[in-house]
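Containing compact mmCIF, C-alpha atoms: run_2.txt.
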# COMPACT_ATOMS: atom_id res chain seq x y z
CA MET A 29 -19.88 4.29 -24.84
CA ASN A 30 -21.87 1.52 -23.14
CA ILE A 31 -24.86 -0.33 -24.61
CA GLU A 32 -27.49 1.82 -22.88
CA GLU A 33 -25.84 5.01 -24.15
CA SER A 34 -25.55 3.52 -27.64
CA VAL A 35 -29.26 2.62 -27.65
CA SER A 36 -30.19 6.13 -26.47
CA LEU A 37 -28.06 7.73 -29.18
CA MET A 38 -29.43 5.44 -31.92
CA TRP A 39 -33.04 6.03 -30.77
CA GLU A 40 -32.59 9.81 -30.60
CA LYS A 41 -31.01 9.94 -34.05
CA ALA A 42 -33.63 7.60 -35.57
CA GLN A 43 -36.40 9.88 -34.30
CA GLN A 44 -34.70 12.69 -36.21
CA GLY A 45 -34.42 10.57 -39.37
CA ALA A 46 -30.65 10.18 -38.93
CA PHE A 47 -29.04 6.76 -38.91
CA TYR A 48 -25.57 5.25 -38.42
CA PRO A 49 -24.42 7.91 -35.91
CA GLU A 50 -20.79 8.90 -36.46
CA ALA A 51 -20.09 8.45 -32.73
CA LEU A 52 -20.74 4.70 -33.13
CA HIS A 53 -18.69 4.09 -36.29
CA ASP A 54 -16.27 1.21 -35.66
CA LYS A 55 -17.28 1.13 -31.97
CA LEU A 56 -19.59 -1.92 -31.73
CA SER A 57 -18.91 -5.62 -32.02
CA ILE A 58 -21.61 -7.77 -33.64
CA ASP A 59 -22.68 -9.03 -30.18
CA GLU A 60 -22.97 -5.45 -28.91
CA ALA A 61 -24.88 -4.48 -32.07
CA TYR A 62 -27.52 -7.13 -31.31
CA GLN A 63 -27.85 -5.74 -27.78
CA VAL A 64 -28.40 -2.27 -29.25
CA GLN A 65 -30.91 -3.69 -31.75
CA ILE A 66 -32.91 -5.31 -28.92
CA GLY A 67 -32.75 -2.02 -27.02
CA MET A 68 -34.20 -0.28 -30.08
CA LEU A 69 -36.95 -2.91 -30.23
CA ASP A 70 -37.70 -2.24 -26.55
CA HIS A 71 -38.09 1.47 -27.37
CA CYS A 72 -40.45 0.59 -30.23
CA VAL A 73 -42.60 -1.59 -27.96
CA LYS A 74 -42.69 1.12 -25.28
CA ALA A 75 -43.86 3.53 -28.02
CA GLY A 76 -46.82 1.24 -28.77
CA GLU A 77 -45.44 -1.02 -31.50
CA ARG A 78 -45.92 -4.80 -31.52
CA GLN A 79 -43.27 -7.19 -32.71
CA ALA A 80 -44.58 -9.44 -35.49
CA GLY A 81 -41.57 -11.69 -35.95
CA TRP A 82 -37.99 -11.89 -37.13
CA LYS A 83 -36.14 -11.46 -40.41
CA ILE A 84 -32.96 -13.14 -41.53
CA GLY A 85 -30.52 -11.48 -43.90
CA LEU A 86 -27.23 -12.21 -45.61
CA THR A 87 -28.16 -15.86 -46.10
CA ALA A 88 -26.24 -16.36 -49.36
CA ASP A 89 -22.47 -16.95 -49.29
CA ALA A 90 -21.83 -14.29 -51.96
CA VAL A 91 -23.85 -11.67 -50.08
CA ARG A 92 -22.06 -12.47 -46.79
CA ALA A 93 -18.74 -12.11 -48.60
CA HIS A 94 -19.78 -8.66 -49.88
CA PHE A 95 -20.62 -7.57 -46.32
CA ASN A 96 -17.61 -9.38 -44.82
CA ALA A 97 -20.00 -11.27 -42.54
CA LYS A 98 -19.22 -14.64 -41.04
CA ALA A 99 -22.88 -15.62 -40.54
CA PRO A 100 -26.38 -14.54 -41.51
CA VAL A 101 -27.80 -11.61 -39.54
CA TYR A 102 -31.25 -11.08 -38.10
CA GLY A 103 -33.59 -8.27 -37.21
CA TYR A 104 -37.15 -7.79 -36.00
CA LEU A 105 -40.39 -7.14 -37.86
CA LEU A 106 -43.02 -4.76 -36.51
CA GLU A 107 -46.75 -5.24 -37.09
CA SER A 108 -47.10 -1.61 -38.19
CA ARG A 109 -44.66 -2.18 -41.06
CA ARG A 110 -46.67 -5.09 -42.58
CA PHE A 111 -48.69 -4.15 -45.65
CA PRO A 112 -51.25 -6.19 -47.60
CA ALA A 113 -50.58 -7.66 -51.02
CA GLY A 114 -51.31 -5.05 -53.67
CA HIS A 115 -50.23 -2.12 -51.51
CA ALA A 116 -48.62 0.66 -53.57
CA PHE A 117 -45.55 2.35 -52.18
CA SER A 118 -44.10 5.59 -53.43
CA PHE A 119 -40.39 5.47 -54.16
CA ASN A 120 -40.06 8.59 -51.99
CA ASP A 121 -41.58 6.90 -48.92
CA ALA A 122 -38.26 5.29 -47.97
CA GLN A 123 -34.59 6.28 -48.06
CA THR A 124 -32.95 4.63 -51.08
CA PRO A 125 -35.36 1.66 -51.05
CA SER A 126 -34.73 -1.80 -52.43
CA ILE A 127 -36.99 -4.82 -52.66
CA GLU A 128 -36.05 -8.34 -51.66
CA SER A 129 -38.13 -11.42 -52.50
CA GLU A 130 -38.79 -13.49 -49.40
CA LEU A 131 -40.70 -16.37 -47.91
CA CYS A 132 -42.57 -15.66 -44.70
CA PHE A 133 -42.91 -18.59 -42.31
CA PHE A 134 -45.56 -18.69 -39.60
CA PHE A 135 -45.04 -20.92 -36.57
CA LYS A 136 -47.54 -22.52 -34.18
CA GLY A 137 -45.10 -22.04 -31.33
CA ASP A 138 -41.52 -21.34 -30.39
CA VAL A 139 -38.59 -23.52 -31.40
CA LYS A 140 -35.65 -22.98 -29.10
CA GLY A 141 -32.87 -24.55 -27.19
CA PRO A 142 -29.82 -26.59 -27.96
CA ASN A 143 -31.95 -29.64 -28.84
CA ALA A 144 -33.86 -27.95 -31.69
CA THR A 145 -33.87 -30.13 -34.81
CA PRO A 146 -34.94 -29.64 -38.43
CA GLY A 147 -37.84 -32.03 -37.74
CA GLY A 148 -38.88 -29.94 -34.73
CA VAL A 149 -38.88 -26.83 -36.90
CA LEU A 150 -41.05 -28.57 -39.50
CA ASP A 151 -43.45 -29.71 -36.76
CA ALA A 152 -43.76 -26.13 -35.50
CA LEU A 153 -44.45 -24.61 -38.93
CA GLU A 154 -48.04 -23.60 -39.47
CA SER A 155 -47.90 -21.93 -42.91
CA VAL A 156 -45.71 -20.18 -45.47
CA ALA A 157 -46.41 -17.24 -47.76
CA PRO A 158 -44.64 -15.40 -50.55
CA ALA A 159 -43.47 -12.00 -49.38
CA PHE A 160 -41.23 -9.15 -50.21
CA GLU A 161 -39.35 -6.83 -47.96
CA VAL A 162 -38.70 -3.18 -48.60
CA ILE A 163 -35.36 -2.25 -47.14
CA GLU A 164 -33.82 1.18 -46.74
CA ARG A 165 -30.17 1.81 -47.43
CA ARG A 166 -29.79 4.17 -44.48
CA GLY A 167 -26.03 3.84 -44.20
CA ASP A 168 -22.94 1.91 -45.28
CA MET A 169 -23.88 -1.52 -44.00
CA ALA A 170 -21.01 -3.15 -45.91
CA GLY A 171 -18.50 -0.84 -44.21
CA GLN A 172 -20.28 -0.66 -40.85
CA LEU A 173 -21.92 -4.09 -40.45
CA PRO A 174 -22.38 -3.81 -36.67
CA LEU A 175 -24.20 -0.48 -37.12
CA GLY A 176 -26.33 -2.12 -39.81
CA VAL A 177 -27.27 -4.85 -37.34
CA ALA A 178 -27.99 -2.29 -34.62
CA ASP A 179 -30.14 -0.42 -37.18
CA ASN A 180 -32.28 -3.55 -37.65
CA VAL A 181 -30.61 -4.79 -40.82
CA SER A 182 -32.17 -2.09 -43.06
CA GLN A 183 -35.76 -3.25 -42.35
CA TRP A 184 -38.45 -0.76 -43.38
CA ALA A 185 -41.59 -2.61 -44.50
CA TYR A 186 -42.83 -5.98 -45.71
CA VAL A 187 -45.72 -7.33 -47.76
CA VAL A 188 -47.09 -10.82 -47.22
CA GLY A 189 -49.06 -12.71 -49.87
CA SER A 190 -51.56 -15.54 -49.48
CA LEU A 191 -50.73 -18.14 -46.87
CA LEU A 192 -50.19 -21.76 -47.84
CA LYS A 193 -51.70 -23.58 -44.87
CA PRO A 194 -51.02 -26.10 -43.53
CA TYR A 195 -47.32 -25.96 -44.26
CA PRO A 196 -46.54 -28.68 -46.84
CA ARG A 197 -43.74 -30.73 -45.28
CA GLY A 198 -42.46 -31.81 -48.70
CA LEU A 199 -42.14 -28.27 -50.06
CA ASP A 200 -38.90 -27.92 -52.05
CA LEU A 201 -37.73 -24.48 -50.93
CA GLY A 202 -34.85 -24.57 -53.40
CA ALA A 203 -37.25 -24.85 -56.33
CA ILE A 204 -39.27 -21.75 -55.47
CA GLU A 205 -38.86 -18.87 -57.91
CA ALA A 206 -39.78 -15.22 -57.67
CA VAL A 207 -40.87 -13.42 -60.84
CA VAL A 208 -40.81 -9.63 -60.81
CA ASN A 209 -42.71 -7.82 -63.55
CA THR A 210 -41.60 -4.29 -64.30
Target format structure tokens, applied to this file:
Amino acid sequence: MNIEESVSLMWEKAQQGAFYPEALHDKLSIDEAYQVQIGMLDHCVKAGERQAGWKIGLTADAVRAHFNAKAPVYGYLLESRRFPAGHAFSFNDAQTPSIESELCFFFKGDVKGPNATPGGVLDALESVAPAFEVIERRGDMAGQLPLGVADNVSQWAYVVGSLLKPYPRGLDLGAIEAVVNT
């Protein structure tokens, strides 16, 4: 099955609330999965969505080991899936939801190319905010990592807190803690 056919199948199944189509199990490489993911994003944009940004997942060594991933993975964020701080979700809104504490970075412009540097990234940062992401466990991402990438790395919704602006260049990201009250 080629990329276009894979995108069509994934889109059709997603519209039906079905994910990780059996016909694509063990059929995609990671590179092909990203092509399918971008094809899914194209479908979303054609359906009236707006892309808000990108997400990065599997950033910790232990998590990558669990998913047998060689590198972090990424997916897209849609404006329609951003919710304000204080929003109440019902557990039944999503399929097997989980919450991940995040930091949301806002940039003044793009940073790209082979000459990108950490200093260039810092110069491009406009602000940072605490956030959390609601992910859906729609399939066996550990067993089918390429399908998980094609399925936008489990992204379902995200909540962004108050922005810290301008971005404080001396911010110690390693010292930031998330406290969850239950």
Residue nearest Leu69 in chain A - candidates A:Leu56, A:Ala122, A:Val35, A:Val162, atoms counted: all atoms listed in the file:
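Smallest distance to Leu69 in chain A is found for A:Val35.
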Using all atoms listed in the file, find each residue of range 97-142 of chain A with at least one atom at most 9 Å away from an atom of range 156-160 of chain A; report its shortest atom-to-atom pair and that distance in Å (one decimal), sort the rows by chain and rising residue number, and return the result as JSON lines.
{"residue": "A:Ala113", "atom": "CA", "partner": "A:Ala159", "partner_atom": "CA", "distance": 8.5}
{"residue": "A:Ile127", "atom": "CA", "partner": "A:Phe160", "partner_atom": "CA", "distance": 6.5}
{"residue": "A:Glu128", "atom": "CA", "partner": "A:Phe160", "partner_atom": "CA", "distance": 5.4}
{"residue": "A:Ser129", "atom": "CA", "partner": "A:Phe160", "partner_atom": "CA", "distance": 4.5}
{"residue": "A:Glu130", "atom": "CA", "partner": "A:Ala159", "partner_atom": "CA", "distance": 4.9}
{"residue": "A:Leu131", "atom": "CA", "partner": "A:Pro158", "partner_atom": "CA", "distance": 4.8}
{"residue": "A:Cys132", "atom": "CA", "partner": "A:Ala157", "partner_atom": "CA", "distance": 5.2}
{"residue": "A:Phe133", "atom": "CA", "partner": "A:Val156", "partner_atom": "CA", "distance": 4.5}
{"residue": "A:Phe134", "atom": "CA", "partner": "A:Val156", "partner_atom": "CA", "distance": 6.1}
{"residue": "A:Phe135", "atom": "CA", "partner": "A:Val156", "partner_atom": "CA", "distance": 9.0}
Near-Asp151 in chain A list (12 Å; only C-alpha atoms; drop same-chain fewer than 2 positions) as an MDAnalysis selection string:
chainID A and resid 134:139 144:149 153:155 194:197
Work out how far CA of Asp70 in chain A is from CA of Ala185 in chain A, in Å to one decimal.
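Distance between the two atoms: 18.4 Å.
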Å distance separating CA of Arg110 in chain A from CA of Val91 in chain A, one decimal place:
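A separation of 24.9 Å between them.
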Which of these, A:Ala75, A:Leu86, A:Ala51, A:Ile66, has the shortest distance to Leu105 in chain A once you count all atoms listed in the file?
A:Ile66
Looking at A:Gly198, A:Tyr186, A:Ile58, A:Pro49, which one is nearest to Asn96 in chain A, with distances taken over only C-alpha atoms?
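Smallest separation from Asn96 in chain A among the options: A:Ile58.
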Which residues are near Gln183 in chain A? Cut-off 9 Å, all atoms listed in the file, ignore same chain within fewer than 3 positions. Put them as a ChimeraX atom specification.
/A:83,103-105,161-164,179-180,186
If you keep C-alpha atoms, can you produce a file of those selected residues as an mmCIF file, keeping the file's coordinate frame?
data_model
loop_
_atom_site.group_PDB
_atom_site.id
_atom_site.type_symbol
_atom_site.label_atom_id
_atom_site.label_comp_id
_atom_site.auth_asym_id
_atom_site.auth_seq_id
_atom_site.Cartn_x
_atom_site.Cartn_y
_atom_site.Cartn_z
ATOM 1 C CA LYS A 83 -36.140 -11.460 -40.410
ATOM 2 C CA GLY A 103 -33.590 -8.270 -37.210
ATOM 3 C CA TYR A 104 -37.150 -7.790 -36.000
ATOM 4 C CA LEU A 105 -40.390 -7.140 -37.860
ATOM 5 C CA GLU A 161 -39.350 -6.830 -47.960
ATOM 6 C CA VAL A 162 -38.700 -3.180 -48.600
ATOM 7 C CA ILE A 163 -35.360 -2.250 -47.140
ATOM 8 C CA GLU A 164 -33.820 1.180 -46.740
ATOM 9 C CA ASP A 179 -30.140 -0.420 -37.180
ATOM 10 C CA ASN A 180 -32.280 -3.550 -37.650
ATOM 11 C CA TYR A 186 -42.830 -5.980 -45.710
#
Can you tell me how far CA of Phe119 in chain A sits from CA of Leu106 in chain A, in Å to one decimal?
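A separation of 20.6 Å between them.
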For Arg78 in chain A: contacts at 8 Å, all atoms listed in the file, fewer than 6 positions along chain excluded, given as a ChimeraX atom specification
/A:72,106-108
Using all atoms listed in the file, can you tell me which of A:Ile31, A:Val73, A:Met68, A:Val101 comes closest to Ala88 in chain A?
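Checking each candidate against Ala88 in chain A, we get A:Val101 as the closest.
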For Asp54 in chain A, which of A:Gln172, A:Thr87, A:Thr210, A:Gln123 is the closest residue, counting only C-alpha atoms?
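Ranking A:Gln172, A:Thr87, A:Thr210, A:Gln123 by distance to Asp54 in chain A, first place goes to A:Gln172.
In terms of minimum interatomic distance to Ser126 in chain A, A:Trp184 ranks closest within A:Trp82, A:Trp184, A:Tyr48, A:Tyr102, counting all atoms listed in the file.
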